[in-house]
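One structure is given here, and the rest of the page talks about it.
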Amino acid sequence: MATSLGSNTYNRQNWEDADFPILCQTCLGENPYIRMTKEKYGKECKICARPFTVFRWCPGVRMRFKKTEVCQTCSKMKNVCQTCLLDLEYGLPIQVRDTGLSIKDDMPKSDVNKEYYTQNMEREIQNADGTRPVGLLGKAPGTSDMLLKLARTTPYYKRNRPHICSFWVKGECKRGEECPYRHEKPTDPDDPLADQNIKDRYYGINDPVADKLLKRASTMPRLDPPEDKSITTLYIGGLGDSITDMELRSHFYQFGEIRTITIVQRQQCAFIQFATRQAAELAAEKSFNKLIINGRRLTVKWGRSQAARGKDRDKDGVSESGMKLEPVPGLPGALPPPPVSEEESPANYFNLGPSSSPSVVNVGLPPPPGITNPPPPGFAPPMFPSMGPPPPPPMSMRPPGQIHYPSQDPQRMGAHASRHGGS
């Protein structure tokens, strides 16, 4: 039998009066200092329809005001947040959590049966120590691989944004920047995420968000062990600056004997080498897409052998991480290979054939103006007249003397020509 806020005070001793709500970190907001309003028996619970204490607050700047939607009894029965109805441990919908833990919690939905079930659960909550959930959830196994893969490790504050301004969508909003609602294009109305029901989320049926996450879990990649049986090393990425050697060892020691742990602080990664291949495979299976240390989700991959790394380095245009490198424009092409030896392949600077011999080539040029009868070919004066005395021998072939610097050489800077001209 449902109750209301009117004159009917039936079963009023079971109405809820709380001092602080049960919230997740996302709904609470990133500001550690917030102001809440508390209204005793302000609303009916949207699940059990009993009056409860309503809390209302703003989780941050440019965020919408939020309030509790269900009572604390309904929240404790499912271990969910009073506002978003997501699991407090994994941050996932109830349908995803129950599927991962293989729980089938058939709560009654009629008014009389629901009130009787709620009273029994309240009695169980009072007798519990508060460290574990009650009901079937408290009897479930500790964890699930699928839940560890899908669990959210950091708060998602984007969920607290204001709703879209309906006046702006119609082009009639006159508030401008002072409008507390978002001026963005709405999503597709046919999107299943646009139609969500709080009761379906609580009972874990027909939840579009849960269906999307379950489809993602079915298509998530897996880590296959390499064919080389000598590889017993795992690559751990995304360590950050806070994760230490002892924290890695305390997690991976349970899978087998660890030979070495090497942390590369510059790359924020680590290499863990196990003593046996069986221990490495067990660690990879239990940690892939599930390893969370100090609130950070770490990447787990298999290491590579020395031969595989050498082959990767020999590949043209492929980096060590396997990424294809684009050629840099403007760089010269590859140089030809050098000759085997100077005796087998002598220098050929003029690209002459092997049987041809160098010869003098006379080039016929038009006569200069003023000359009517040009000389026959072969009897013409040299094309390039002598430019002076022959050049001096190189420094290595000169006799030893007192010249130590090029500026002191009399053969340079016209000193030789001036000497001849003076004589």
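Labels used: A, B, ... for chains in the order of the structure tokens, numbers from 1 for residues in each chain, and numbers from 1 for ligands as shown.
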
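Close contacts of stretch 231-236 of chain A, defined as residues with an atom at most 7 Å away when counting only C-alpha atoms, with chain neighbours fewer than 3 positions off set aside, comprise Asp228, Cys269, Ala270, Phe271, Ile272, Gln273, Phe274, Thr276, Arg277, Ala280, Leu298, Thr299, Val300, Lys301, Trp302, Gly303, Arg304 and Ser305 of chain A.
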
message = Among stretch 4-250 of chain A, which ones does DSSP assign to strand (DSSP E or B) (computed from the backbone)? Answer as a ChimeraX atom specification.
response = /A:36-44,51-57,66-67,80,87,164,182,233-237

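Shell of stretch 117-130 of chain A at 9 Å, with only C-alpha atoms counted and residues fewer than 2 places along the chain excluded, is Asn14, Cys48, Thr73, Cys74, Lys76, Met77, Met107, Pro108, Val112, Asn113, Lys114, Glu115, Arg132, Pro133, Val134 and Gly135 of chain A.
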
task = Write out as a count of residues only all residues of stretch 100-308 of chain A that backbone DSSP assigns to helix (DSSP H, G or I).
result = 85

Spatial neighbours of A:Ala194, 12 Å, only C-alpha atoms, chain gap at least 5 places, as an MDAnalysis selection string = chainID A and resid 186:189 207:209

ask   = With only C-alpha atoms as the atoms that count, which of A:Arg152, A:Lys43, A:Arg64, A:Lys229 lies nearest to A:Glu89?
value = A:Arg152

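With only C-alpha atoms as the atoms that count, the minimum distance from A:Ile261 to the choices A:Cys45, A:Leu248, A:Leu214, A:Val328 is reached by A:Leu248.
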
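By chain and then residue number, the residues within 10 Å of stretch 57-62 of chain A are Gln25, Thr26, Cys27, Leu28, Gly29, Glu30, Asn31, Pro32, Tyr33, Ile34, Arg35, Met36, Thr37, Lys38, Phe55, Arg64, Phe65, Lys66, Lys67, Thr68, Tyr157, Asn160, Arg161, Pro162, Pro180, Tyr181 and Arg182 of chain A, counting only C-alpha atoms and disregarding those fewer than 2 positions away in sequence.
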
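Atom pair atom CA of A:Ala210 / atom CA of A:Arg56: separated by 26.7 Å.
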